Number of protein chains: 2
Amino acid sequence: MLTLFHHPMLASCRFVRLAFGEYGEELALIEEKPWNRRREFLTLNPAGTLPVLLAEGDVPIVGAQVIGEYVDETRGVLKRERRLFAENPMERAEIRRLVDWFLTKMESEVTRHLVRERVLKPMIPREQGGGSPDSTAIRAARSNIRQHMKYINWMAGTRHWLAGPRITYADLAAAAAISVLDYLGEIDWTEQAAAREWYTRLKSRPSFRPLLADRVRGLSPVSHYADLDF
Amino acid sequence: MLTLFHHPMLASCRFVRLAFGEYGEELALIEEKPWNRRREFLTLNPAGTLPVLLAEGDVPIVGAQVIGEYVDETRGVLKRERRLFAENPMERAEIRRLVDWFLTKMESEVTRHLVRERVLKPMIPREQGGGSPDSTAIRAARSNIRQHMKYINWMAGTRHWLAGPRITYADLAAAAAISVLDYLGEIDWTEQAAAREWYTRLKSRPSFRPLLADRVRGLSPVSHYADLDF
């Protein structure tokens, strides 16, 4: 069994868990608090970021997108119609664009800020960057959520899954980010019906179950977080 | 001939030009000013970021790393020992980690800030985010350069090329970032001899020539910028 260094409230880590989950492969999870800058962890990844996968031979593979490519090269290629990636280079480029959209662009406009202010700062010692949430940062991040939800809604409404007729990494990346924000009650599900229908489909998949069981100490999820019919 | 929307002072765009250059394929270059948010450009890439490649059939491929993967899938796989990527999934993961290091981590710690403050803000109208450089941002970025140069120096000294015995995307990504900073005179070449030797090797390659000819209006490069013996 491979080992994943992760944090339950990081979209990039959830993406990796979903990918392995879709392929029915269990991971040994180690919860890492990157702000501690543990020496052993920095040896695995000098950038000090999550996720890090210990792959075959305990070789560290660093970063969600890099791990995603590795999983495709070593597992996905064998999965035929269950492969979470396309065969065609153009379709692969579109899937990669969307993974980057949700794990980099949406992360830097929305997810990172809400997780930092609402989840991490209250639990991190002040001398390591913790403290009171910054309400300006929270407001700015919240004001960006709707555009991303509209984009998901448009794709889910026209393409069924985000990158086309089949479920791909693009869906896992978007759902990873949305699931973190949904835990925090940041998603308004009364709008964007196609996005809601798409997320319901994802939430019902066995790969999603471990994410719906995640809990952060001192911060309960919204009541509908784990409901498959919300 | 494929078309690349780019800006000469962005490391991510230089990376793509180097990759095509190494494979001897010329690109039609269109200089795009992303801060203008041109409607036609946003149609190609709703994120409004560079680079964007118009690939076969004028299909837009968005982002340096996504373009890099596309170039490998459609060109690199045919290049045998001239391929800028590895065959082995673990080695591929290490190359991707380093590309991400230089085009994302170093970009967000160093390159982006110095380019924004020293190159872009003076040429962008104030209402689009231009104006006087922020000396605090410049100082913070400068204080991070040395760590990255030391990392390059260590890899160049122990591995010959950054990811191993052969030149790969990792070298192109690092050199793309370094070349932008070197244009601005931000690299201290009196230290880190192995990094300097590595960069001299790269600078002498034909793929580098177009980058050494780049000029930004109103901002001349340092005197050694285009010297192969600096």
# chains A, B, ... in the order shown; residues from 1 in each chain; ligands from 1
$ interface_residues --of "chain B" --to "chain A" --cutoff "12 Å" --atoms "only C-alpha atoms" --output "ChimeraX atom specification"
/B:44-49,52-75,87-102,104-106,108-109,147-148,151
$ select_by_dssp --residues "stretch 5-180 of chain A" --states "strand (DSSP E)" --output "PyMOL selection string"
chain A and resi 5-6+27-31+52-54+60-62
$ write_last_selection --atoms "N, CA and C atoms" --output "PDB file, in the first residue's frame"
ATOM      1  N   PHE A   5       1.139  11.642   2.210  1.00  0.00           N
ATOM      2  CA  PHE A   5       1.182  12.730   3.183  1.00  0.00           C
ATOM      3  C   PHE A   5       0.176  13.765   2.714  1.00  0.00           C
ATOM      4  N   HIS A   6      -0.775  14.092   3.583  1.00  0.00           N
ATOM      5  CA  HIS A   6      -1.885  14.947   3.136  1.00  0.00           C
ATOM      6  C   HIS A   6      -2.425  15.786   4.282  1.00  0.00           C
ATOM      7  N   LEU A  27      -4.905   3.876   0.160  1.00  0.00           N
ATOM      8  CA  LEU A  27      -3.668   4.564   0.521  1.00  0.00           C
ATOM      9  C   LEU A  27      -3.521   4.572   2.025  1.00  0.00           C
ATOM     10  N   ALA A  28      -2.295   4.485   2.498  1.00  0.00           N
ATOM     11  CA  ALA A  28      -2.031   4.773   3.905  1.00  0.00           C
ATOM     12  C   ALA A  28      -1.897   6.291   4.011  1.00  0.00           C
ATOM     13  N   LEU A  29      -2.733   6.911   4.846  1.00  0.00           N
ATOM     14  CA  LEU A  29      -2.738   8.370   4.938  1.00  0.00           C
ATOM     15  C   LEU A  29      -1.969   8.832   6.164  1.00  0.00           C
ATOM     16  N   ILE A  30      -1.088   9.789   5.974  1.00  0.00           N
ATOM     17  CA  ILE A  30      -0.421  10.433   7.102  1.00  0.00           C
ATOM     18  C   ILE A  30      -0.783  11.908   7.054  1.00  0.00           C
ATOM     19  N   GLU A  31      -1.433  12.372   8.121  1.00  0.00           N
ATOM     20  CA  GLU A  31      -1.815  13.785   8.139  1.00  0.00           C
ATOM     21  C   GLU A  31      -0.593  14.616   8.496  1.00  0.00           C
ATOM     22  N   VAL A  52       2.308  14.759  -0.856  1.00  0.00           N
ATOM     23  CA  VAL A  52       3.479  13.984  -1.281  1.00  0.00           C
ATOM     24  C   VAL A  52       3.090  12.512  -1.217  1.00  0.00           C
ATOM     25  N   LEU A  53       3.271  11.813  -2.309  1.00  0.00           N
ATOM     26  CA  LEU A  53       3.015  10.380  -2.362  1.00  0.00           C
ATOM     27  C   LEU A  53       4.339   9.638  -2.236  1.00  0.00           C
ATOM     28  N   LEU A  54       4.379   8.651  -1.352  1.00  0.00           N
ATOM     29  CA  LEU A  54       5.526   7.738  -1.366  1.00  0.00           C
ATOM     30  C   LEU A  54       5.163   6.607  -2.310  1.00  0.00           C
ATOM     31  N   PRO A  60       9.533   9.680  -3.215  1.00  0.00           N
ATOM     32  CA  PRO A  60       8.513  10.714  -3.065  1.00  0.00           C
ATOM     33  C   PRO A  60       8.099  11.307  -4.413  1.00  0.00           C
ATOM     34  N   ILE A  61       6.793  11.454  -4.605  1.00  0.00           N
ATOM     35  CA  ILE A  61       6.277  12.143  -5.785  1.00  0.00           C
ATOM     36  C   ILE A  61       5.479  13.328  -5.271  1.00  0.00           C
ATOM     37  N   VAL A  62       5.835  14.499  -5.755  1.00  0.00           N
ATOM     38  CA  VAL A  62       5.440  15.760  -5.119  1.00  0.00           C
ATOM     39  C   VAL A  62       4.421  16.521  -5.959  1.00  0.00           C
TER      40      VAL A  62
END
$ residues_around --residues "stretch 180-182 of chain A" --least-positions-apart "6" --cutoff "7 Å" --atoms "only C-alpha atoms" --output "PyMOL selection string"
chain A and resi 9+11+111+225
$ closest_residue --among "B:Asp214, B:Leu219, B:Phe230, B:Leu184" --to "B:Tyr199" --atoms "only C-alpha atoms"
B:Phe230
$ atom_distance --atom1 "atom CA of A:Phe85" --atom2 "atom CA of B:Val16"
23.0 Å
$ residues_around --residues "stretch 116-129 of chain B" --least-positions-apart "6" --cutoff "12 Å" --atoms "only C-alpha atoms" --output "ChimeraX atom specification"
/B:7-10,33-37,107-108,110,135-142,180-181,183-186,215-221
$ select_by_dssp --residues "stretch 40-224 of chain A" --states "alpha helix (DSSP H)" --output "JSON, numbers by chain"
{"A": [40, 41, 42, 43, 44, 64, 65, 66, 67, 68, 69, 70, 71, 72, 73, 74, 89, 90, 91, 92, 93, 94, 95, 96, 97, 98, 99, 100, 106, 112, 113, 114, 115, 135, 136, 137, 138, 139, 140, 141, 142, 143, 144, 145, 146, 147, 148, 149, 150, 151, 152, 153, 154, 155, 156, 157, 158, 159, 169, 170, 171, 172, 173, 174, 175, 176, 177, 178, 179, 180, 181, 182, 183, 193, 194, 195, 196, 197, 198, 199, 200, 201, 202, 203, 209, 210, 211, 212, 213]}
$ write_last_selection --atoms "C-alpha atoms" --output "short mmCIF file (atom, residue, chain, number, x, y, z; two decimals), in the first residue's frame"
data_model
loop_
_atom_site.label_atom_id
_atom_site.label_comp_id
_atom_site.auth_asym_id
_atom_site.auth_seq_id
_atom_site.Cartn_x
_atom_site.Cartn_y
_atom_site.Cartn_z
CA GLU A 40 11.75 14.40 7.78
CA PHE A 41 9.00 15.84 5.62
CA LEU A 42 11.28 18.49 4.11
CA THR A 43 13.66 15.71 3.13
CA LEU A 44 10.86 14.19 1.07
CA ALA A 64 -1.21 16.87 -7.01
CA GLN A 65 -0.77 17.24 -10.74
CA VAL A 66 2.53 15.37 -10.79
CA ILE A 67 0.97 12.55 -8.77
CA GLY A 68 -2.04 12.57 -11.13
CA GLU A 69 0.23 12.07 -14.14
CA TYR A 70 2.11 9.32 -12.32
CA VAL A 71 -1.10 7.51 -11.43
CA ASP A 72 -2.21 7.74 -15.05
CA GLU A 73 1.09 6.40 -16.36
CA THR A 74 1.25 3.51 -13.90
CA PRO A 89 -3.42 14.72 -26.74
CA MET A 90 -5.92 17.55 -27.36
CA GLU A 91 -8.43 16.06 -24.92
CA ARG A 92 -5.63 15.45 -22.45
CA ALA A 93 -4.67 19.13 -22.72
CA GLU A 94 -8.26 20.17 -21.95
CA ILE A 95 -8.38 17.90 -18.89
CA ARG A 96 -5.05 19.29 -17.68
CA ARG A 97 -6.27 22.87 -18.23
CA LEU A 98 -9.28 22.20 -16.02
CA VAL A 99 -7.30 20.41 -13.31
CA ASP A 100 -5.02 23.43 -13.22
CA MET A 106 -9.57 28.58 -8.02
CA ARG A 112 -6.63 28.66 -0.20
CA HIS A 113 -7.84 31.84 1.49
CA LEU A 114 -10.97 30.36 3.06
CA VAL A 115 -9.09 27.30 4.29
CA SER A 135 -12.30 39.15 7.33
CA THR A 136 -11.13 41.12 4.27
CA ALA A 137 -9.46 38.02 2.84
CA ILE A 138 -12.59 35.96 3.56
CA ARG A 139 -14.85 38.49 1.83
CA ALA A 140 -12.58 38.70 -1.22
CA ALA A 141 -12.46 34.92 -1.57
CA ARG A 142 -16.24 34.58 -1.14
CA SER A 143 -16.88 37.11 -3.87
CA ASN A 144 -15.00 34.86 -6.32
CA ILE A 145 -16.89 31.62 -5.61
CA ARG A 146 -19.88 32.39 -7.82
CA GLN A 147 -17.86 32.74 -11.03
CA HIS A 148 -16.31 29.32 -10.49
CA MET A 149 -19.70 27.77 -9.72
CA LYS A 150 -21.14 29.32 -12.88
CA TYR A 151 -18.27 27.88 -14.91
CA ILE A 152 -18.85 24.40 -13.42
CA ASN A 153 -22.58 24.80 -14.04
CA TRP A 154 -22.00 25.71 -17.68
CA MET A 155 -19.68 22.75 -18.27
CA ALA A 156 -21.85 20.28 -16.34
CA GLY A 157 -24.89 21.47 -18.30
CA THR A 158 -23.31 21.20 -21.75
CA ARG A 159 -20.84 18.31 -21.36
CA TYR A 169 -9.43 14.15 -13.50
CA ALA A 170 -11.17 17.46 -14.30
CA ASP A 171 -14.23 16.34 -12.31
CA LEU A 172 -12.10 15.09 -9.43
CA ALA A 173 -10.16 18.36 -9.23
CA ALA A 174 -13.32 20.48 -9.27
CA ALA A 175 -15.10 18.24 -6.77
CA ALA A 176 -12.07 18.21 -4.49
CA ALA A 177 -12.19 22.01 -4.28
CA ILE A 178 -15.99 22.20 -4.01
CA SER A 179 -16.07 19.56 -1.27
CA VAL A 180 -13.70 21.60 0.91
CA LEU A 181 -15.80 24.73 0.41
CA ASP A 182 -19.00 22.77 1.00
CA TYR A 183 -17.68 21.46 4.31
CA ALA A 193 -28.84 23.40 -10.81
CA ALA A 194 -26.57 21.61 -13.28
CA ALA A 195 -23.56 22.02 -10.98
CA ARG A 196 -25.60 20.63 -8.10
CA GLU A 197 -26.73 17.63 -10.12
CA TRP A 198 -23.11 17.03 -11.20
CA TYR A 199 -21.86 17.25 -7.60
CA THR A 200 -24.60 14.87 -6.40
CA ARG A 201 -23.42 12.32 -8.95
CA LEU A 202 -19.83 12.64 -7.71
CA LYS A 203 -20.78 12.57 -4.05
CA ARG A 209 -17.05 8.27 0.94
CA PRO A 210 -13.76 8.81 2.84
CA LEU A 211 -13.90 12.56 2.06
CA LEU A 212 -17.44 12.81 3.42
CA ALA A 213 -16.24 11.16 6.64
#
$ atom_distance --atom1 "atom CA of A:Leu18" --atom2 "atom CA of A:Gln192"
23.5 Å
$ closest_residue --among "A:Phe208, A:Glu191, A:Met1, A:Trp161" --to "A:Phe15" --atoms "only C-alpha atoms"
A:Phe208
